[in-house]
Every structure is written in structure tokens, then in C-alpha cells.
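Asks: Got a file for you: start_39.txt, compact mmCIF, C-alpha atoms.
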# COMPACT_ATOMS: atom_id res chain seq x y z
CA MET A 1 147.37 201.07 80.87
CA ARG A 2 149.98 198.65 82.06
CA HIS A 3 149.57 199.75 85.64
CA LEU A 4 145.84 199.05 85.55
CA ARG A 5 146.45 195.60 84.14
CA ARG A 6 148.77 194.63 87.01
CA ILE A 7 146.24 195.65 89.60
CA CYS A 8 143.51 193.49 88.04
CA LEU A 9 145.77 190.45 87.78
CA SER A 10 147.01 190.67 91.35
CA THR A 11 143.53 190.83 92.92
CA ALA A 12 141.82 188.15 90.83
CA GLY A 13 141.14 184.66 92.33
CA PHE A 14 142.04 183.03 95.64
CA SER A 15 145.42 182.43 97.17
CA LEU A 16 146.71 178.94 97.80
CA LEU A 17 146.42 179.47 101.54
CA GLU A 18 142.73 180.40 101.25
CA MET A 19 142.04 177.28 99.20
CA VAL A 20 143.82 175.01 101.72
CA VAL A 21 141.84 176.53 104.61
CA ALA A 22 138.53 176.04 102.74
CA VAL A 23 139.34 172.40 101.93
CA ALA A 24 140.40 171.76 105.55
CA ILE A 25 137.09 173.17 106.85
CA LEU A 26 135.11 171.02 104.41
CA ALA A 27 137.08 167.92 105.45
CA LEU A 28 136.47 168.64 109.14
CA VAL A 29 132.73 169.14 108.65
CA SER A 30 132.51 165.97 106.52
CA ALA A 31 134.36 163.96 109.16
CA MET A 32 131.94 165.13 111.83
CA LEU A 33 128.83 164.32 109.76
CA MET A 34 129.89 160.88 108.50
CA PRO A 35 128.96 158.94 111.66
CA LEU A 36 125.48 160.46 111.53
CA LEU A 37 125.00 159.43 107.93
CA ALA A 38 126.77 156.06 108.12
CA GLY A 39 124.14 153.85 109.76
CA PRO A 40 120.38 153.57 109.48
CA SER A 41 118.31 155.39 112.08
CA ASP A 42 116.49 153.62 114.90
CA SER A 43 113.22 154.31 113.14
CA LEU A 44 114.42 152.52 110.00
CA LYS A 45 115.69 149.56 112.03
CA LEU A 46 112.33 149.28 113.77
CA GLN A 47 110.43 149.48 110.48
CA ALA A 48 112.70 146.85 108.90
CA SER A 49 112.17 144.43 111.79
CA ALA A 50 108.41 145.00 111.66
CA ARG A 51 108.40 144.29 107.90
CA ASP A 52 110.41 141.08 108.44
CA LEU A 53 107.98 139.87 111.10
CA LEU A 54 104.99 140.81 108.96
CA SER A 55 106.48 138.88 106.02
CA ALA A 56 107.06 135.85 108.24
CA LEU A 57 103.46 135.92 109.47
CA ARG A 58 102.11 136.17 105.93
CA ALA A 59 104.40 133.40 104.63
CA THR A 60 103.37 131.14 107.51
CA ARG A 61 99.66 131.74 106.82
CA ALA A 62 100.20 131.05 103.11
CA ALA A 63 102.02 127.80 103.93
CA ALA A 64 99.12 126.67 106.15
CA ILE A 65 96.61 127.33 103.36
CA ALA A 66 98.77 125.78 100.62
CA GLY A 67 99.58 122.69 102.68
CA ASN A 68 96.04 122.34 104.05
CA THR A 69 97.51 121.98 107.53
CA GLU A 70 98.27 123.92 110.71
CA VAL A 71 101.51 125.91 110.76
CA ALA A 72 102.83 128.01 113.64
CA LEU A 73 105.17 130.96 113.80
CA MET A 74 107.06 131.02 117.09
CA LEU A 75 108.43 134.20 118.62
CA ASP A 76 111.08 134.09 121.36
CA VAL A 77 110.98 137.42 123.19
CA GLU A 78 114.07 136.72 125.30
CA ARG A 79 116.29 135.83 122.33
CA ARG A 80 114.45 138.27 120.04
CA THR A 81 114.00 135.68 117.28
CA PHE A 82 111.08 134.35 115.26
CA GLU A 83 110.68 131.40 112.88
CA SER A 84 108.26 129.00 111.30
CA PRO A 85 108.52 125.99 108.98
CA ALA A 86 107.77 128.41 106.12
CA PHE A 87 110.22 131.13 107.22
CA PRO A 88 113.82 130.74 108.39
CA ARG A 89 114.85 131.99 111.82
CA ARG A 90 115.36 135.74 111.93
CA SER A 91 116.53 138.02 114.69
CA LEU A 92 115.16 141.41 115.54
CA GLU A 93 117.59 144.32 115.32
CA PRO A 94 119.68 144.87 118.47
CA GLY A 95 117.89 147.11 120.94
CA ILE A 96 114.37 146.12 119.87
CA ALA A 97 112.11 144.63 122.53
CA ALA A 98 108.99 142.63 121.67
CA LYS A 99 105.74 142.18 123.57
CA ILE A 100 103.23 139.53 122.50
CA THR A 101 99.50 139.42 123.17
CA PHE A 102 97.88 136.17 122.04
CA ALA A 103 94.83 134.09 122.80
CA ALA A 104 96.44 130.97 124.23
CA PRO A 105 100.03 130.11 125.07
CA MET A 106 101.76 127.81 122.61
CA SER A 107 104.73 127.18 124.84
CA GLU A 108 105.40 126.41 128.48
CA LYS A 109 107.96 129.21 128.62
CA ARG A 110 106.51 132.64 129.35
CA PHE A 111 108.96 134.42 127.02
CA GLN A 112 107.90 132.36 124.01
CA GLY A 113 104.68 132.57 122.11
CA GLY A 114 103.32 132.11 118.69
CA PHE A 115 100.59 132.35 116.17
CA GLN A 116 98.91 129.20 114.88
CA PHE A 117 97.55 129.42 111.34
CA PHE A 118 94.93 126.93 110.16
CA ALA A 119 94.20 125.42 106.74
CA ASP A 120 91.26 127.78 106.15
CA GLY A 121 93.50 130.84 106.71
CA SER A 122 92.23 131.67 110.18
CA SER A 123 94.56 131.89 113.17
CA THR A 124 94.75 132.08 116.93
CA GLY A 125 95.16 135.86 116.51
CA GLY A 126 96.98 138.38 118.64
CA ASP A 127 99.34 141.33 118.53
CA VAL A 128 103.08 141.94 118.57
CA GLN A 129 104.46 145.27 119.69
CA LEU A 130 108.06 146.12 118.85
CA GLU A 131 109.74 148.91 120.84
CA MET A 132 113.03 150.73 120.40
CA HIS A 133 114.05 153.94 122.19
CA GLY A 134 110.50 155.17 122.69
CA ARG A 135 109.31 154.27 119.18
CA THR A 136 106.81 151.47 118.62
CA ALA A 137 105.53 149.36 115.76
CA LYS A 138 102.50 147.15 116.27
CA ILE A 139 101.42 144.19 114.16
CA CYS A 140 97.96 142.69 114.52
CA VAL A 141 96.93 139.20 113.45
CA ASP A 142 93.19 138.82 112.96
CA TRP A 143 91.89 135.55 114.41
CA PHE A 144 89.05 135.18 111.91
CA THR A 145 90.88 135.85 108.65
CA GLY A 146 94.46 135.26 109.82
CA ALA A 147 95.51 138.47 108.03
CA ALA A 148 98.56 140.16 109.50
CA ARG A 149 98.84 143.94 109.19
CA ASN A 150 100.37 147.03 110.76
CA CYS A 151 97.97 148.55 113.25
What is this structure when it is put down as C-alpha cells?
Replies:
Amino acid sequence: MRHLRRICLSTAGFSLLEMVVAVAILALVSAMLMPLLAGPSDSLKLQASARDLLSALRATRAAAIAGNTEVALMLDVERRTFESPAFPRRSLEPGIAAKITFAAPMSEKRFQGGFQFFADGSSTGGDVQLEMHGRTAKICVDWFTGAARNC
């Protein structure tokens, strides 16, 4: 009976060396995966920039209606920034390029453009396309209603 008991005790569990090897493998795999999990993906960065621009367009339209005046949101493609009197200057995420299609230029510089919102809510209209590593997000501003939306 004693002999059987020794055999069971000696084969039960893991050795210290096996545990150290298992922990080392887990640490190595974790170290390799951390950079992938650390930062947001390009898709999330693009979506966040599109949401910021959409919010700025909507805030600018609301300011024009509330103030019963014309308010413009200006977009600088070269510097990748946008701003209006109703929305502080924001920058697009690094690596995002913007293309603007609008009815009439609001600036002498070809890399700047904007959307004019009027007191009745209407606007000059146009589109903004954001691109990053083959992914795109497009925002449309309706000239008649001034509504900005993803399209």
C-alpha cells in the first residue's frame, strides 16, 4: 500500500521547470501581441476623424440658425485642419488625406475650402472624402437643408 502511495505522489502535478517554461512562453506571446493591441486601428482613426468633422459641420449649421446669420466652416486640406466660429480648430489624424467638393470656392487658396451655412439652415453644399491607407469615409452636406451626414 505504501509503494502505491509513493507512485501517485511522485507523478501528480507539474514540475517547477515546466511551470517556468509555460510562463516564459505566455510572456513571449504577450510581448509580441501588445503592439497590435496598443493603438487604435486605421479604420477607427478614420471613423473618429469623420465623426469630428461631422460634429463640426452640425455645430456650425446650428450656430448659423441660432444666430440668424451666416457661419462658415473652413477646411484646410494641406494642414489637415478644420474650424468654424462655433467649433474650435481640430486636426485630422496623421495619415488622413481630405478631398473637398463644393459649389464655390470660399478661399483664394486651392487647398482651402469651406461650407457656408445660412440662417435658414441651408448651405452651399458639397462633399468631403477622407482617405487613409485605402479606406475612405465620405461626408455629404446637402445644399437645400444644410444637413451633414455620412454617405
Asks: How many Å separate CA of Met74 (chain A) from CA of Pro40 (chain A)?
Replies: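 Separating CA of Met74 (chain A) from CA of Pro40 (chain A) is a distance of 27.3 Å.
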Asks: Find, counting all atoms listed in the file, the residue in A:Ser43, A:Ser122, A:Gln116, A:Ser30 that gets nearest to Val71 (chain A).
Replies: A:Gln116
Asks: I need the residue nearest Cys151 (chain A) from this list: A:Leu73, A:Leu46, A:Ala137, A:Val20. Use only C-alpha atoms for the distance.
Replies: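 Closest to Cys151 (chain A) of all the choices is A:Ala137.
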Asks: Could you please determine the separation between CA of Phe102 (chain A) and CA of Leu130 (chain A) in Å, to one decimal place?
Replies: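 Between CA of Phe102 (chain A) and CA of Leu130 (chain A) the gap works out to 14.6 Å.
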Asks: Please determine, counting all atoms listed in the file, which residue among A:Ala97, A:Ala24, A:Ala119, A:Ala147 has the shortest atom-to-atom distance to Ala50 (chain A).
Replies: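 Result for the nearest residue to Ala50 (chain A): A:Ala97.
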Asks: Would you mind telling me which residue in A:Gly125, A:Gly113, A:Gly146, A:Ala98 lies nearest to Ser49 (chain A) when using all atoms listed in the file?
Replies: A:Ala98
Asks: Give the answer as one residue: which of A:Gln129, A:Asp120, A:Ser15, A:Thr81 has the shortest atom-to-atom distance to Thr101 (chain A), using all atoms listed in the file?
Replies: A:Gln129
Asks: Could you give me, as a VMD selection string, the residues within 10 Å of Phe87 (chain A), counting all atoms listed in the file and dropping anything in the same chain fewer than 3 positions from it?
Replies: chain A and resid 53 55 to 60 63 73 82 to 84 90
Asks: Quick one: distance from CA of Pro88 (chain A) to CA of Leu54 (chain A) in Å, one decimal?
Replies: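 A separation of 13.4 Å between them.
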Asks: Which of these, A:Val128, A:Ile139, A:Leu28, A:Ala48, has the shortest distance to Asp76 (chain A) once you count all atoms listed in the file?
Replies: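 Among A:Val128, A:Ile139, A:Leu28, A:Ala48, it is A:Val128 that comes nearest to Asp76 (chain A).
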Asks: Please determine the residues with any atom at most 9 Å from (93.0, 134.9, 107.2) (coordinates as given in the file, with only C-alpha atoms counting) and report them as a PDB file with C-alpha atoms, in the frame of the given file.
Replies:
ATOM      1  CA  ARG A  61      99.660 131.740 106.820  1.00  0.00           C
ATOM      2  CA  PHE A 117      97.550 129.420 111.340  1.00  0.00           C
ATOM      3  CA  PHE A 118      94.930 126.930 110.160  1.00  0.00           C
ATOM      4  CA  ASP A 120      91.260 127.780 106.150  1.00  0.00           C
ATOM      5  CA  GLY A 121      93.500 130.840 106.710  1.00  0.00           C
ATOM      6  CA  SER A 122      92.230 131.670 110.180  1.00  0.00           C
ATOM      7  CA  SER A 123      94.560 131.890 113.170  1.00  0.00           C
ATOM      8  CA  VAL A 141      96.930 139.200 113.450  1.00  0.00           C
ATOM      9  CA  ASP A 142      93.190 138.820 112.960  1.00  0.00           C
ATOM     10  CA  TRP A 143      91.890 135.550 114.410  1.00  0.00           C
ATOM     11  CA  PHE A 144      89.050 135.180 111.910  1.00  0.00           C
ATOM     12  CA  THR A 145      90.880 135.850 108.650  1.00  0.00           C
ATOM     13  CA  GLY A 146      94.460 135.260 109.820  1.00  0.00           C
ATOM     14  CA  ALA A 147      95.510 138.470 108.030  1.00  0.00           C
ATOM     15  CA  ALA A 148      98.560 140.160 109.500  1.00  0.00           C
TER      16      ALA A 148
END
Asks: Could you pull the residues within 6 Å of Arg80 (chain A), counting all atoms listed in the file, minus those fewer than 2 positions along the same chain, as a list in words?
Replies: Asp76, Val77, Glu78, Ser91 and Leu92 of chain A
Asks: What would region 63-97 of chain A look like with N, CA and C atoms restored, written as a compact mmCIF listing (two decimals), in the frame of the given file?
Replies:
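selection.txt written:
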# COMPACT_ATOMS: atom_id res chain seq x y z
N ALA A 63 101.59 129.20 103.88
CA ALA A 63 102.02 127.80 103.93
C ALA A 63 100.92 126.92 104.53
N ALA A 64 100.22 127.44 105.54
CA ALA A 64 99.12 126.67 106.15
C ALA A 64 98.00 126.44 105.14
N ILE A 65 97.67 127.46 104.37
CA ILE A 65 96.61 127.33 103.36
C ILE A 65 97.05 126.40 102.24
N ALA A 66 98.28 126.60 101.74
CA ALA A 66 98.77 125.78 100.62
C ALA A 66 98.94 124.32 101.01
N GLY A 67 99.37 124.07 102.23
CA GLY A 67 99.58 122.69 102.68
C GLY A 67 98.36 122.05 103.30
N ASN A 68 97.27 122.83 103.43
CA ASN A 68 96.04 122.34 104.05
C ASN A 68 96.32 121.72 105.42
N THR A 69 97.10 122.47 106.22
CA THR A 69 97.51 121.98 107.53
C THR A 69 97.69 123.16 108.48
N GLU A 70 97.98 122.88 109.73
CA GLU A 70 98.27 123.92 110.71
C GLU A 70 99.76 124.21 110.71
N VAL A 71 100.11 125.48 110.72
CA VAL A 71 101.51 125.91 110.76
C VAL A 71 101.62 127.04 111.77
N ALA A 72 102.67 127.00 112.59
CA ALA A 72 102.83 128.01 113.64
C ALA A 72 104.09 128.82 113.42
N LEU A 73 104.00 130.09 113.74
CA LEU A 73 105.17 130.96 113.80
C LEU A 73 105.45 131.19 115.27
N MET A 74 106.67 130.86 115.69
CA MET A 74 107.06 131.02 117.09
C MET A 74 107.93 132.25 117.24
N LEU A 75 107.68 133.00 118.31
CA LEU A 75 108.43 134.20 118.62
C LEU A 75 109.05 134.04 120.00
N ASP A 76 110.36 134.18 120.09
CA ASP A 76 111.08 134.09 121.36
C ASP A 76 111.47 135.51 121.77
N VAL A 77 110.77 136.04 122.76
CA VAL A 77 110.98 137.42 123.19
C VAL A 77 112.35 137.59 123.83
N GLU A 78 112.79 136.61 124.60
CA GLU A 78 114.07 136.72 125.30
C GLU A 78 115.25 136.75 124.31
N ARG A 79 115.20 135.87 123.33
CA ARG A 79 116.29 135.83 122.33
C ARG A 79 116.05 136.77 121.16
N ARG A 80 114.86 137.35 121.10
CA ARG A 80 114.45 138.27 120.04
C ARG A 80 114.54 137.62 118.66
N THR A 81 114.00 136.41 118.55
CA THR A 81 114.00 135.68 117.28
C THR A 81 112.58 135.22 116.96
N PHE A 82 112.34 134.93 115.69
CA PHE A 82 111.08 134.35 115.26
C PHE A 82 111.35 133.43 114.08
N GLU A 83 110.51 132.38 113.96
CA GLU A 83 110.68 131.40 112.88
C GLU A 83 109.43 130.56 112.72
N SER A 84 109.33 129.95 111.57
CA SER A 84 108.26 129.00 111.30
C SER A 84 108.80 128.01 110.27
N PRO A 85 108.08 126.91 110.02
CA PRO A 85 108.52 125.99 108.98
C PRO A 85 108.57 126.65 107.59
N ALA A 86 107.81 127.73 107.42
CA ALA A 86 107.77 128.41 106.12
C ALA A 86 108.73 129.60 106.05
N PHE A 87 109.37 129.94 107.16
CA PHE A 87 110.22 131.13 107.22
C PHE A 87 111.42 130.84 108.10
N PRO A 88 112.63 131.04 107.58
CA PRO A 88 113.82 130.74 108.39
C PRO A 88 113.94 131.66 109.60
N ARG A 89 114.67 131.20 110.60
CA ARG A 89 114.85 131.99 111.82
C ARG A 89 115.46 133.35 111.51
N ARG A 90 114.87 134.37 112.07
CA ARG A 90 115.36 135.74 111.93
C ARG A 90 115.47 136.35 113.32
N SER A 91 116.37 137.28 113.44
CA SER A 91 116.53 138.02 114.69
C SER A 91 116.06 139.45 114.50
N LEU A 92 115.50 140.00 115.55
CA LEU A 92 115.16 141.41 115.54
C LEU A 92 116.44 142.22 115.67
N GLU A 93 116.42 143.44 115.22
CA GLU A 93 117.59 144.32 115.32
C GLU A 93 117.97 144.48 116.79
N PRO A 94 119.26 144.63 117.07
CA PRO A 94 119.68 144.87 118.47
C PRO A 94 118.98 146.10 119.05
N GLY A 95 118.55 145.99 120.28
CA GLY A 95 117.89 147.11 120.94
C GLY A 95 116.38 147.10 120.81
N ILE A 96 115.83 146.18 120.04
CA ILE A 96 114.37 146.12 119.87
C ILE A 96 113.80 145.09 120.85
N ALA A 97 112.80 145.52 121.60
CA ALA A 97 112.11 144.63 122.53
C ALA A 97 110.75 144.29 121.94
